[in-house]
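Enquirer: To be precise about what I am sending: the file is called entry33.cif and holds mmCIF, C-alpha atoms.
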```cif
data_upload
#
loop_
_atom_site.label_atom_id
_atom_site.label_comp_id
_atom_site.auth_asym_id
_atom_site.auth_seq_id
_atom_site.Cartn_x
_atom_site.Cartn_y
_atom_site.Cartn_z
CA MET A 1 115.69 -81.94 49.04
CA LEU A 2 116.90 -78.48 49.95
CA THR A 3 115.59 -76.01 52.43
CA ILE A 4 115.16 -72.35 51.58
CA THR A 5 118.41 -71.64 53.44
CA ASP A 6 120.29 -74.21 51.32
CA VAL A 7 118.98 -72.53 48.21
CA ILE A 8 120.06 -69.10 49.43
CA THR A 9 123.57 -70.39 50.20
CA ARG A 10 123.91 -71.89 46.75
CA ILE A 11 122.74 -68.80 44.96
CA ARG A 12 124.96 -66.46 46.91
CA ALA A 13 127.92 -68.74 46.17
CA GLU A 14 127.33 -68.03 42.49
CA GLY A 15 127.69 -64.30 43.14
CA LEU A 16 123.99 -63.53 42.94
CA GLU A 17 121.89 -61.56 45.39
CA ILE A 18 118.98 -63.23 47.12
CA ALA A 19 116.96 -62.99 50.29
CA GLU A 20 114.40 -65.29 51.85
CA ARG A 21 111.64 -62.72 51.36
CA GLU A 22 112.34 -62.71 47.63
CA ILE A 23 112.11 -66.46 47.29
CA ALA A 24 108.83 -66.39 49.18
CA THR A 25 107.54 -63.91 46.59
CA PHE A 26 108.66 -66.17 43.74
CA VAL A 27 106.69 -68.99 45.32
CA GLU A 28 103.64 -66.78 45.86
CA GLN A 29 103.72 -65.84 42.18
CA GLU A 30 104.01 -69.52 41.30
CA TRP A 31 107.22 -68.96 39.42
CA VAL A 32 108.65 -71.86 41.36
CA LEU A 33 106.73 -74.69 43.03
CA PRO A 34 108.51 -76.22 45.99
CA THR A 35 106.73 -78.85 48.02
CA ARG A 36 105.40 -77.90 51.42
CA GLY A 37 106.98 -79.96 54.15
CA ALA A 38 105.89 -79.64 57.77
CA GLY A 39 105.37 -75.91 57.47
CA ASP A 40 108.69 -75.64 55.65
CA MET A 41 109.32 -75.29 51.95
CA LEU A 42 111.35 -78.05 50.30
CA PHE A 43 113.11 -77.48 46.99
CA ASP A 44 114.33 -80.26 44.72
CA GLU A 45 117.29 -79.72 42.37
CA ALA A 46 115.10 -78.49 39.56
CA ASP A 47 113.38 -76.00 41.88
CA ALA A 48 116.72 -74.68 43.15
CA ALA A 49 118.01 -74.28 39.61
CA ARG A 50 114.83 -72.48 38.68
CA VAL A 51 115.27 -70.00 41.54
CA LYS A 52 118.80 -69.35 40.31
CA LEU A 53 117.48 -68.83 36.79
CA ILE A 54 114.99 -66.27 38.06
CA CYS A 55 117.77 -64.41 39.88
CA GLU A 56 119.89 -64.42 36.75
CA LEU A 57 117.00 -63.12 34.67
CA LYS A 58 116.43 -60.27 37.10
CA GLN A 59 120.02 -59.41 37.96
CA ASP A 60 122.10 -60.38 34.94
CA MET A 61 119.55 -59.55 32.32
CA ALA A 62 117.59 -56.75 34.02
CA VAL A 63 114.30 -58.49 33.35
CA ASN A 64 111.57 -56.73 35.33
CA ASP A 65 108.98 -58.55 37.43
CA GLU A 66 106.28 -58.21 34.79
CA ALA A 67 108.41 -59.99 32.23
CA VAL A 68 109.74 -62.84 34.39
CA PRO A 69 106.60 -65.03 34.20
CA VAL A 70 106.34 -64.40 30.46
CA ILE A 71 109.83 -65.71 29.97
CA LEU A 72 109.35 -68.67 32.30
CA ASN A 73 106.18 -69.65 30.49
CA LEU A 74 107.88 -69.52 27.12
CA LEU A 75 110.79 -71.53 28.42
CA ASP A 76 108.48 -74.17 29.86
CA GLN A 77 106.77 -74.52 26.52
CA LEU A 78 110.10 -74.70 24.77
CA TYR A 79 111.40 -77.42 27.03
CA GLY A 80 108.09 -79.24 26.75
CA LEU A 81 108.37 -79.13 22.99
CA ARG A 82 111.92 -80.42 23.07
CA ARG A 83 110.83 -83.29 25.23
CA VAL A 84 108.14 -84.29 22.77
CA LEU A 85 110.57 -84.02 19.90
CA ASP A 86 113.03 -86.15 21.78
CA GLU A 87 110.44 -88.85 22.40
CA MET A 88 109.43 -88.78 18.75
CA HIS A 89 113.04 -89.14 17.80
CA GLU A 90 113.53 -92.13 20.03
CA ALA A 91 110.41 -93.77 18.66
CA VAL A 92 111.57 -93.19 15.10
CA GLN A 93 114.94 -94.76 15.87
CA GLN A 94 113.12 -97.92 16.84
CA LEU A 95 111.41 -98.19 13.51
CA PRO A 96 112.82 -100.70 11.01
CA PRO A 97 115.21 -99.04 8.54
CA GLU A 98 112.75 -99.20 5.62
CA LEU A 99 110.12 -97.27 7.53
CA ARG A 100 112.66 -94.76 8.67
CA LYS A 101 113.69 -94.20 5.08
CA GLU A 102 110.06 -93.70 4.14
CA LEU A 103 109.71 -91.18 6.90
CA GLU A 104 112.73 -89.31 5.62
CA VAL A 105 111.17 -89.15 2.15
CA CYS A 106 107.86 -87.85 3.51
CA LEU A 107 109.63 -85.33 5.66
CA ALA A 108 111.65 -84.05 2.74
CA LYS A 109 108.43 -83.63 0.76
CA VAL A 110 106.74 -81.78 3.58
CA ARG A 111 109.69 -79.44 3.93
CA GLY A 112 109.87 -78.92 0.21
CA THR A 113 113.49 -80.02 -0.02
CA MET B 273 144.02 -66.19 28.79
CA LYS B 274 141.78 -63.71 27.10
CA ASP B 275 141.66 -60.03 27.90
CA LEU B 276 138.59 -59.45 30.10
CA TYR B 277 137.64 -56.21 28.37
CA GLN B 278 137.70 -58.01 25.05
CA VAL B 279 135.53 -60.78 26.41
CA LEU B 280 132.86 -58.21 27.26
CA GLY B 281 133.54 -56.22 24.14
CA VAL B 282 134.28 -52.95 25.89
CA SER B 283 137.24 -50.59 25.89
CA LYS B 284 139.67 -50.46 28.78
CA GLY B 285 138.32 -47.12 29.84
CA ALA B 286 134.68 -48.20 29.86
CA SER B 287 132.48 -46.89 32.64
CA ALA B 288 130.82 -49.18 35.17
CA GLU B 289 127.50 -48.56 33.44
CA GLU B 290 128.93 -49.55 30.05
CA ILE B 291 130.39 -52.70 31.50
CA LYS B 292 127.09 -53.63 33.10
CA ARG B 293 125.20 -53.01 29.90
CA ALA B 294 127.66 -55.06 27.86
CA TYR B 295 127.38 -57.94 30.30
CA ARG B 296 123.59 -57.88 30.28
CA LYS B 297 123.49 -57.94 26.53
CA LEU B 298 125.81 -60.95 26.37
CA ALA B 299 124.02 -62.75 29.21
CA LYS B 300 120.75 -62.52 27.31
CA GLN B 301 122.38 -64.06 24.28
CA LEU B 302 124.52 -66.69 25.91
CA HIS B 303 122.69 -67.89 28.99
CA PRO B 304 122.48 -71.66 28.66
CA ASP B 305 118.88 -71.87 29.90
CA LEU B 306 117.87 -69.64 27.04
CA ASN B 307 119.76 -71.79 24.59
CA PRO B 308 118.71 -75.36 25.23
CA GLY B 309 120.50 -77.92 23.14
CA ASN B 310 123.49 -75.69 22.50
CA ASN B 311 126.61 -77.06 24.18
CA GLU B 312 128.96 -74.27 23.24
CA VAL B 313 127.26 -71.38 24.95
CA GLU B 314 127.95 -72.74 28.39
CA GLN B 315 131.69 -72.22 28.10
CA ARG B 316 131.30 -68.78 26.60
CA PHE B 317 128.77 -67.75 29.22
CA LYS B 318 131.15 -68.77 31.97
CA GLU B 319 133.91 -66.69 30.43
CA VAL B 320 131.64 -63.70 30.22
CA SER B 321 130.40 -64.11 33.81
CA GLN B 322 133.93 -64.46 35.03
CA ALA B 323 135.00 -61.31 33.22
CA TYR B 324 132.06 -59.37 34.61
CA SER B 325 132.63 -60.53 38.17
CA ILE B 326 136.11 -59.00 38.08
CA LEU B 327 135.42 -55.84 36.09
CA SER B 328 132.22 -54.97 37.94
CA ASP B 329 134.02 -54.86 41.25
CA PRO B 330 136.01 -51.60 41.44
CA ASP B 331 138.69 -53.11 43.64
CA GLN B 332 139.13 -56.22 41.51
CA ARG B 333 139.11 -54.14 38.36
CA ARG B 334 141.87 -51.91 39.69
CA ARG B 335 143.98 -54.88 40.62
CA TYR B 336 143.42 -56.52 37.26
CA ASP B 337 144.35 -53.30 35.40
CA SER B 338 147.54 -52.97 37.39
CA GLY B 339 148.44 -56.57 36.76
CA GLU B 340 148.12 -57.66 40.37
CA ILE B 341 145.67 -60.33 39.45
CA ASP B 342 145.12 -62.09 36.17
CA ALA B 343 141.97 -63.07 34.39
CA SER B 344 141.31 -65.92 36.76
CA GLY B 345 141.94 -63.71 39.77
CA GLN B 346 138.59 -64.08 41.36
CA GLU B 347 137.92 -67.40 43.00
CA THR B 348 135.50 -69.37 40.97
CA MET B 349 132.54 -67.39 39.97
CA HIS B 350 131.92 -70.35 37.75
CA ARG B 351 128.24 -70.57 37.17
CA GLY B 352 127.07 -74.08 37.01
CA GLY B 353 123.85 -75.89 37.82
CA PHE B 354 121.83 -74.40 35.02
CA TYR B 355 118.12 -75.01 34.99
CA ARG B 356 118.17 -76.58 31.57
CA ALA B 357 119.92 -79.64 32.95
CA HIS B 358 116.69 -80.51 34.72
CA SER B 359 114.50 -80.16 31.71
CA GLY B 360 112.99 -83.03 29.81
CA GLY B 361 110.80 -84.83 32.25
CA ALA B 362 112.09 -86.08 35.54
CA GLY B 363 113.12 -82.87 37.26
CA ALA B 364 111.14 -80.16 35.61
CA GLY B 365 108.08 -82.16 34.65
CA LYS B 366 105.73 -80.14 36.81
CA TYR B 367 106.69 -76.95 35.02
CA GLU B 368 106.79 -78.03 31.43
CA HIS B 369 103.72 -77.90 29.33
CA PHE B 370 102.91 -78.31 25.74
CA GLU B 371 99.69 -77.83 23.83
CA PHE B 372 98.82 -79.55 20.59
CA GLN B 373 95.07 -79.07 20.54
CA ASP B 374 95.17 -77.09 17.34
CA PHE B 375 96.06 -80.29 15.51
CA GLY B 376 92.54 -81.60 16.00
CA PRO B 377 91.26 -84.33 18.27
CA GLU B 378 91.87 -87.15 15.77
CA ASP B 379 95.51 -86.39 15.35
CA ILE B 380 98.07 -88.92 16.46
CA PHE B 381 100.17 -86.21 18.04
CA ALA B 382 97.32 -84.84 20.10
CA ASP B 383 96.48 -88.37 21.02
CA LEU B 384 99.92 -89.52 22.02
CA PHE B 385 101.23 -86.41 23.61
CA GLY B 386 97.94 -85.10 24.88
CA GLY B 387 99.16 -81.57 25.27
CA PHE B 388 100.38 -82.10 28.78
CA ALA B 389 99.50 -79.17 30.95
CA ARG B 390 101.21 -77.76 33.96
CA GLY B 391 100.33 -79.17 37.32
CA GLY B 392 99.31 -82.61 36.16
CA GLY B 393 96.67 -82.41 33.50
CA GLY B 394 96.87 -83.95 30.04
CA ARG B 395 96.40 -87.49 28.93
CA ASP B 396 99.54 -89.36 28.29
CA GLY B 397 101.48 -88.87 31.48
CA GLY B 398 101.63 -85.13 31.47
CA GLY B 399 102.52 -83.11 34.52
CA GLY B 400 104.28 -84.61 37.47
CA GLY B 401 107.57 -86.15 36.78
CA GLY B 402 106.86 -87.82 33.45
CA ARG B 403 109.17 -90.52 32.21
CA GLY B 404 111.80 -90.48 34.85
CA ARG B 405 114.45 -89.60 32.40
CA GLY B 406 116.52 -86.70 33.53
CA ARG B 407 118.57 -85.41 30.74
CA GLY B 408 119.75 -82.11 29.48
CA GLY B 409 121.39 -80.78 26.40
CA THR B 410 121.57 -82.61 23.15
CA ARG B 411 121.31 -86.29 22.49
CA ILE B 412 124.37 -87.82 20.95
CA ARG B 413 123.60 -89.90 17.93
CA GLN B 414 126.53 -91.37 16.19
CA ARG B 415 127.16 -93.81 13.39
CA GLY B 416 129.22 -96.83 14.41
CA SER B 417 132.73 -97.03 13.07
CA ASP B 418 133.81 -99.13 10.13
CA VAL B 419 135.83 -102.28 10.75
CA SER B 420 138.52 -103.46 8.34
CA TYR B 421 139.36 -107.03 7.47
CA SER B 422 141.65 -108.60 4.93
CA LEU B 423 140.70 -111.72 3.09
CA ALA B 424 142.80 -114.01 0.90
CA VAL B 425 140.94 -115.25 -2.14
CA GLY B 426 142.04 -117.79 -4.74
CA PHE B 427 142.72 -116.68 -8.31
CA ALA B 428 139.77 -118.54 -9.79
CA GLU B 429 137.50 -117.57 -6.88
CA ALA B 430 138.22 -113.91 -7.48
CA ALA B 431 137.76 -114.23 -11.21
CA LEU B 432 134.57 -116.25 -11.22
CA GLY B 433 133.14 -115.13 -7.89
CA ALA B 434 132.67 -117.04 -4.67
CA ARG B 435 131.18 -116.95 -1.17
CA LYS B 436 133.73 -116.81 1.57
CA ARG B 437 133.38 -116.86 5.31
CA ILE B 438 135.45 -114.75 7.69
CA GLN B 439 135.88 -115.85 11.27
CA LEU B 440 135.58 -112.88 13.62
CA GLY B 441 137.34 -112.61 16.98
CA ASP B 442 134.21 -113.13 19.06
CA GLY B 443 133.30 -116.41 17.40
CA LYS B 444 130.89 -114.83 14.98
CA THR B 445 131.28 -115.29 11.27
CA LEU B 446 130.82 -112.91 8.41
CA ASP B 447 129.69 -114.23 5.05
CA VAL B 448 131.19 -112.31 2.18
CA ASN B 449 130.09 -112.49 -1.41
CA ILE B 450 133.08 -112.08 -3.71
CA PRO B 451 131.67 -110.77 -6.97
CA PRO B 452 133.08 -112.19 -10.24
CA GLY B 453 135.94 -110.11 -11.53
CA THR B 454 137.18 -108.97 -8.13
CA THR B 455 140.72 -107.64 -8.42
CA ASP B 456 143.66 -107.84 -6.06
CA GLY B 457 143.58 -104.99 -3.51
CA GLN B 458 139.92 -104.25 -4.09
CA THR B 459 137.91 -103.33 -1.00
CA LEU B 460 134.42 -104.73 -0.59
CA ARG B 461 132.01 -102.82 1.64
CA LEU B 462 129.40 -104.71 3.66
CA LYS B 463 126.86 -102.21 4.95
CA GLY B 464 125.91 -102.39 8.60
CA GLN B 465 128.40 -105.11 9.46
CA GLY B 466 130.76 -102.85 11.37
CA MET B 467 130.55 -101.48 14.90
CA PRO B 468 127.06 -100.71 16.23
CA GLY B 469 126.06 -97.04 16.43
CA PHE B 470 125.24 -94.97 19.53
CA GLY B 471 121.94 -93.46 20.50
CA GLY B 472 120.16 -94.97 17.56
CA GLY B 473 122.80 -94.14 15.01
CA GLU B 474 123.29 -96.69 12.27
CA ALA B 475 125.97 -99.37 12.41
CA GLY B 476 129.21 -98.85 10.52
CA ASP B 477 130.34 -101.02 7.64
CA ALA B 478 132.75 -103.92 7.32
CA LEU B 479 135.52 -103.13 4.82
CA ILE B 480 137.02 -106.26 3.33
CA LYS B 481 140.33 -105.82 1.55
CA VAL B 482 140.78 -108.64 -0.90
CA ALA B 483 144.20 -110.19 -1.54
CA VAL B 484 144.04 -112.35 -4.66
CA GLN B 485 146.53 -115.19 -4.69
CA GLU B 486 148.73 -115.67 -7.69
CA HIS B 487 148.06 -118.58 -9.97
CA ARG B 488 150.69 -121.11 -10.99
CA HIS B 489 150.18 -120.56 -14.69
CA PHE B 490 147.43 -118.00 -15.27
CA THR B 491 147.97 -114.26 -15.15
CA ARG B 492 145.22 -111.72 -15.37
CA LYS B 493 145.32 -108.58 -17.46
CA GLY B 494 142.08 -106.66 -17.18
CA ASP B 495 139.34 -109.07 -18.11
CA ASP B 496 141.64 -111.45 -19.99
CA ILE B 497 143.55 -114.47 -18.76
CA HIS B 498 147.02 -115.11 -20.14
CA LEU B 499 148.70 -118.48 -20.24
CA GLU B 500 152.02 -119.60 -21.62
CA LEU B 501 151.66 -123.03 -23.15
CA PRO B 502 154.67 -125.27 -23.85
CA VAL B 503 154.28 -127.22 -27.11
CA THR B 504 156.43 -129.76 -28.82
CA LEU B 505 158.35 -129.20 -31.98
CA GLY B 506 156.05 -131.64 -33.70
CA GLU B 507 152.90 -129.91 -32.50
CA ALA B 508 154.18 -126.56 -33.63
CA VAL B 509 155.38 -127.66 -37.06
CA LEU B 510 152.69 -130.16 -37.84
CA GLY B 511 149.81 -128.62 -35.92
CA ALA B 512 147.79 -130.47 -33.29
CA THR B 513 144.81 -130.41 -31.02
CA VAL B 514 145.85 -130.05 -27.39
CA GLU B 515 144.15 -129.69 -24.02
CA VAL B 516 144.48 -126.28 -22.43
CA PRO B 517 143.54 -125.36 -18.85
CA THR B 518 141.08 -122.48 -18.44
CA LEU B 519 139.07 -121.02 -15.52
CA ASP B 520 136.31 -123.42 -16.50
CA GLY B 521 138.55 -126.46 -16.69
CA LYS B 522 140.31 -128.14 -19.62
CA VAL B 523 139.27 -127.24 -23.12
CA SER B 524 140.49 -128.48 -26.51
CA MET B 525 142.45 -126.07 -28.64
CA LYS B 526 143.69 -126.44 -32.22
CA ILE B 527 147.26 -125.43 -32.91
CA PRO B 528 147.58 -124.55 -36.58
CA PRO B 529 150.49 -126.20 -38.40
CA GLY B 530 153.53 -123.98 -38.64
CA SER B 531 152.75 -122.14 -35.39
CA ASN B 532 155.82 -120.43 -34.14
CA SER B 533 157.03 -119.96 -30.59
CA GLY B 534 155.44 -116.80 -29.21
CA ALA B 535 152.38 -117.12 -31.37
CA THR B 536 149.30 -116.23 -29.38
CA LEU B 537 146.05 -118.05 -29.83
CA ARG B 538 142.78 -116.72 -28.48
CA LEU B 539 140.09 -118.69 -26.66
CA LYS B 540 137.05 -116.47 -26.81
CA GLY B 541 134.92 -116.04 -23.71
CA ARG B 542 137.29 -117.94 -21.46
CA GLY B 543 138.43 -114.89 -19.54
CA VAL B 544 137.07 -113.08 -16.48
CA PRO B 545 133.36 -112.24 -16.27
CA ALA B 546 132.97 -108.54 -16.88
CA GLY B 547 129.92 -106.44 -16.12
CA ARG B 548 126.38 -107.62 -16.57
CA GLY B 549 124.88 -109.58 -19.39
CA GLY B 550 127.25 -112.51 -19.18
CA ARG B 551 130.10 -110.80 -21.00
CA ARG B 552 133.49 -112.28 -20.44
CA GLY B 553 137.03 -111.50 -21.41
CA ASP B 554 139.16 -113.95 -23.39
CA GLN B 555 142.01 -116.32 -22.67
CA TYR B 556 145.20 -115.76 -24.60
CA VAL B 557 147.48 -118.75 -25.02
CA LYS B 558 151.06 -117.97 -25.95
CA LEU B 559 152.91 -120.89 -27.47
CA LYS B 560 156.36 -121.80 -26.35
CA VAL B 561 158.09 -124.43 -28.43
CA VAL B 562 160.07 -126.80 -26.25
CA LEU B 563 162.68 -129.29 -27.44
CA PRO B 564 162.79 -132.76 -25.94
CA ASP B 565 164.67 -132.96 -22.63
CA LYS B 566 167.33 -135.29 -23.78
CA PRO B 567 169.12 -134.71 -27.04
CA ASP B 568 167.52 -136.92 -29.62
CA GLU B 569 170.02 -138.61 -31.91
CA ALA B 570 167.71 -138.91 -34.84
CA LEU B 571 166.73 -135.29 -34.62
CA THR B 572 170.32 -134.11 -34.32
CA ARG B 573 171.41 -136.09 -37.35
CA PHE B 574 168.48 -134.88 -39.39
CA LEU B 575 169.13 -131.28 -38.53
CA GLU B 576 172.84 -131.38 -39.31
CA ASP B 577 171.80 -131.92 -42.86
CA TRP B 578 168.63 -129.90 -42.92
CA ALA B 579 169.99 -126.77 -41.25
CA ARG B 580 172.70 -126.47 -43.80
CA LYS B 581 170.21 -126.77 -46.61
CA HIS B 582 167.52 -124.53 -45.13
CA PRO B 583 169.14 -121.50 -43.52
CA TYR B 584 167.05 -118.74 -42.10
CA ASP B 585 167.92 -115.83 -39.82
CA PRO B 586 165.45 -115.07 -37.08
CA ARG B 587 167.82 -112.59 -35.45
CA ALA B 588 168.03 -110.44 -38.49
CA LYS B 589 164.25 -110.57 -38.71
CA ALA B 590 164.02 -109.37 -35.15
CA GLY B 591 166.50 -106.63 -35.87
CA ILE B 592 169.12 -107.99 -33.55
CA ALA B 593 172.55 -107.68 -35.18
#
```
As C-alpha cells, please, write out the structure in this file.

Expert:
Amino acid sequence: MLTITDVITRIRAEGLEIAEREIATFVEQEWVLPTRGAGDMLFDEADAARVKLICELKQDMAVNDEAVPVILNLLDQLYGLRRVLDEMHEAVQQLPPELRKELEVCLAKVRGT
Amino acid sequence: MKDLYQVLGVSKGASAEEIKRAYRKLAKQLHPDLNPGNNEVEQRFKEVSQAYSILSDPDQRRRYDSGEIDASGQETMHRGGFYRAHSGGAGAGKYEHFEFQDFGPEDIFADLFGGFARGGGGRDGGGGGGRGRGRGGTRIRQRGSDVSYSLAVGFAEAALGARKRIQLGDGKTLDVNIPPGTTDGQTLRLKGQGMPGFGGGEAGDALIKVAVQEHRHFTRKGDDIHLELPVTLGEAVLGATVEVPTLDGKVSMKIPPGSNSGATLRLKGRGVPAGRGGRRGDQYVKLKVVLPDKPDEALTRFLEDWARKHPYDPRAKAGIA
C-alpha cells in the first residue's frame, strides 16, 4: 500500500505535475477511492495508477474537470464489459468441442455472416 | 532512432503551442488506458511521450536541434504503470461496473453477471475485488503445434489398409489407421494428437509420414499390382494352370498355350482398393519363360533338329538389326 507521498513521488517521476491538494480533490470527487488508514489515505497499485491516469487526462489530453468523471465512468464500464467477455470466453473454452462448434454456428447466424 | 519532430508529426520550426497540440492529439489516440486490449499502442505512446518531453522543454529542444543530445537524450521519461494493467477484477474491481438489466430478469446474462455495480452491489460477486485474477491486455490463445512422425508400413498393409501403433517418447502410444491404398510418402493427419494448445486453444495435429516398404516381387503402379512370373518352357508352350501370389494370397491362374515370354495376363480385382464402393485395381502378371537350370540333353538334341527345320526371327520382328 502506498501513502499519498509515495503516489506523488511516482507521478512526478513520470514527468507529470501533481500536488497533495489535487489528489485530495480527486478523492473528494470520488474519482479515486483509497482506503482510509489511521487518518491517512492508503492507495493500492490500482489506485495509484488511476491517479496517474487522471493526471494524464488533465495534463496530456487537456481534459477539463467536468469531463474527467465522464471519461472515468465510461472506462469503468468498458473494463467491466471486457471482464465479462473474458469470463464468457473462458467458460466457452471449457465446453466440449461439439458444443463450441454449435455456439460458433449460432453466433454466425446472429451476426448474419 | 526516429526524428522527434516526425514522431509528433510537426515541422522542425513548429511553435511550442503547435507541439503541445500535436502531442495532446496523439495522446488521446494512443494512451494505453484508452485502448484496452491493444498491445501495440503502448510502444507508440512511449515514443510520443519521449519526443514530447524533449521538444516541450526549450533547453532540451535547443540541444536536440543542435545535435548535442539525441532522441534518447532525456533520462527515461518512459511512462509505465498504466491503469489498464489493473483492470479485470482483482485490482480495479471496486471501480468497474457493468449493467445488463435491459436484457430482462430471466436472462442468463443478467443472472450470471448480475450487472455488478460500483462499490459492491450486484449479485454474482460484483464490486470489491472480484475473482482475484489480475490481468491486463489481451489473452493469448494459441493452437498447439503439429508434431511429425514417420512410420514404416509393409507393402500389403499399405495397399489393403491396417492399424498400426506408434510408440511415443513419453511412453504413450498413438494408434494410426492406415487407409487402404496409402502410398509411399503420403502424410496422414491425426487431428488433435499434436501438442496441446495454450489458453484454451485447440491441440495441434499429429502428421504421420508413411514410408511403404518395397515388396520382394510385387510392384505398385497406381491402383494396380505388377508381378513378373517365371514359367517353364512347357507351361508356356503347352499352357497350364499355375498358382500366383496376390495381395489376398495364392490364386489359380490359367496360362493359355503358346503364351510367349513378356505376355501379360490380367487378374481382375486383385489390385489395390481404390475409393469407395469396393472398387479395386487389377494385378498384371508378366510371364517370363525360364529354361531349366541345367542343360537338358534330350531338349538340346531335339532342338538341334527342330531349330533347323523351324527358323523364326524374333529380332527382326522387334526391329533389332

Enquirer: Within 10 Å of chain B, which residues of chain A are there when counting all atoms listed in the file? Please give them as a ChimeraX atom specification.

Expert: /A:10-11,13-16,31-33,44-54,56-57,59-63,71-84,86-94,97

Enquirer: Expand the PyMOL selection byres ((chain B and resi 487-499) around 9) into the explicit residue set it covers here, and present it as a count of residues only.

Expert: 27

Enquirer: Which distance in Å separates atom CA of B:Ile480 and atom CA of B:Leu460, to one decimal?

Expert: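 Interatomic distance here is 4.9 Å.
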
Enquirer: Have a look at atom CA of B:Val320 and atom CA of B:Ser344 and let me know their distance in Å, one decimal.

Expert: 11.9 Å

Enquirer: When you draw a straight line from atom CA of A:Ala19 to atom CA of B:Ile326, how long is it in Å?

Expert: 23.1 Å

Enquirer: Counting only C-alpha atoms, note down every residue that has an atom within 8 Å of the point (136.3, -104.1, 9.7) (file coordinates), as a list of chain:residue names.

Expert: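 Counting only C-alpha atoms, I find these residues within 8 Å of (136.3, -104.1, 9.7): B:Asp418, B:Val419, B:Ser420, B:Tyr421, B:Gln465, B:Gly466, B:Asp477, B:Ala478, B:Leu479, B:Ile480.
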
Enquirer: Just so the selection is clear, what residues does the PyMOL selection byres ((chain A and resi 22) around 12) cover here, as a list in words?

Expert: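 Evaluating the PyMOL selection byres ((chain A and resi 22) around 12) on this file yields Ile4, Val7, Ile8, Glu17, Ile18, Ala19, Glu20, Arg21, Ile23, Ala24, Thr25, Phe26, Val27, Glu28, Gln29, Trp31, Val32, Val51, Lys52, Ile54, Cys55, Lys58 and Asp65 of chain A.
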
Enquirer: Need the shell around B:Leu327: protein/DNA/RNA residues with any atom at most 10 Å away, counting all atoms listed in the file. Skip same-chain ones fewer than 6 positions apart. Format as a list of chain:residue names?

Expert: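 Listed by chain and then number, they are B:Leu276, B:Tyr277, B:Leu280, B:Ala286, B:Ala288, B:Ile291, B:Lys292, B:Ser321, B:Arg333, B:Arg334, B:Arg335, B:Tyr336, B:Asp337, B:Ala343.
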
Enquirer: Can you complete the atoms of stretch 33-44 of chain A to N, CA, C and O atoms and list them as a PDB file, in the coordinates of the input?

Expert:
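Output file part_0.pdb is given in full below:
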```
ATOM      1  N   LEU A  33     107.692 -73.902  42.260  1.00  0.00           N
ATOM      2  CA  LEU A  33     106.730 -74.690  43.030  1.00  0.00           C
ATOM      3  C   LEU A  33     107.419 -75.700  43.938  1.00  0.00           C
ATOM      4  O   LEU A  33     107.464 -76.892  43.630  1.00  0.00           O
ATOM      5  N   PRO A  34     107.943 -75.248  45.054  1.00  0.00           N
ATOM      6  CA  PRO A  34     108.510 -76.220  45.990  1.00  0.00           C
ATOM      7  C   PRO A  34     107.392 -76.993  46.672  1.00  0.00           C
ATOM      8  O   PRO A  34     106.238 -76.573  46.627  1.00  0.00           O
ATOM      9  N   THR A  35     107.753 -78.113  47.266  1.00  0.00           N
ATOM     10  CA  THR A  35     106.730 -78.850  48.020  1.00  0.00           C
ATOM     11  C   THR A  35     106.706 -78.307  49.439  1.00  0.00           C
ATOM     12  O   THR A  35     107.722 -77.842  49.957  1.00  0.00           O
ATOM     13  N   ARG A  36     105.545 -78.384  50.043  1.00  0.00           N
ATOM     14  CA  ARG A  36     105.400 -77.900  51.420  1.00  0.00           C
ATOM     15  C   ARG A  36     105.659 -79.044  52.373  1.00  0.00           C
ATOM     16  O   ARG A  36     104.905 -79.994  52.406  1.00  0.00           O
ATOM     17  N   GLY A  37     106.737 -78.949  53.122  1.00  0.00           N
ATOM     18  CA  GLY A  37     106.980 -79.960  54.150  1.00  0.00           C
ATOM     19  C   GLY A  37     106.170 -79.592  55.381  1.00  0.00           C
ATOM     20  O   GLY A  37     105.160 -78.923  55.286  1.00  0.00           O
ATOM     21  N   ALA A  38     106.613 -80.005  56.536  1.00  0.00           N
ATOM     22  CA  ALA A  38     105.890 -79.640  57.770  1.00  0.00           C
ATOM     23  C   ALA A  38     106.059 -78.150  58.032  1.00  0.00           C
ATOM     24  O   ALA A  38     106.901 -77.725  58.810  1.00  0.00           O
ATOM     25  N   GLY A  39     105.265 -77.367  57.312  1.00  0.00           N
ATOM     26  CA  GLY A  39     105.370 -75.910  57.470  1.00  0.00           C
ATOM     27  C   GLY A  39     106.512 -75.307  56.681  1.00  0.00           C
ATOM     28  O   GLY A  39     106.504 -74.134  56.342  1.00  0.00           O
ATOM     29  N   ASP A  40     107.514 -76.125  56.361  1.00  0.00           N
ATOM     30  CA  ASP A  40     108.690 -75.640  55.650  1.00  0.00           C
ATOM     31  C   ASP A  40     108.538 -75.828  54.144  1.00  0.00           C
ATOM     32  O   ASP A  40     107.769 -76.675  53.702  1.00  0.00           O
ATOM     33  N   MET A  41     109.316 -75.067  53.393  1.00  0.00           N
ATOM     34  CA  MET A  41     109.320 -75.290  51.950  1.00  0.00           C
ATOM     35  C   MET A  41     110.500 -76.185  51.591  1.00  0.00           C
ATOM     36  O   MET A  41     111.608 -75.967  52.087  1.00  0.00           O
ATOM     37  N   LEU A  42     110.269 -77.172  50.723  1.00  0.00           N
ATOM     38  CA  LEU A  42     111.350 -78.050  50.300  1.00  0.00           C
ATOM     39  C   LEU A  42     111.551 -77.951  48.797  1.00  0.00           C
ATOM     40  O   LEU A  42     110.609 -78.132  48.020  1.00  0.00           O
ATOM     41  N   PHE A  43     112.794 -77.672  48.413  1.00  0.00           N
ATOM     42  CA  PHE A  43     113.110 -77.480  46.990  1.00  0.00           C
ATOM     43  C   PHE A  43     113.906 -78.667  46.472  1.00  0.00           C
ATOM     44  O   PHE A  43     114.890 -79.074  47.094  1.00  0.00           O
ATOM     45  N   ASP A  44     113.472 -79.232  45.335  1.00  0.00           N
ATOM     46  CA  ASP A  44     114.330 -80.260  44.720  1.00  0.00           C
ATOM     47  C   ASP A  44     115.352 -79.545  43.817  1.00  0.00           C
ATOM     48  O   ASP A  44     115.347 -78.316  43.716  1.00  0.00           O
TER      49      ASP A  44
END
```
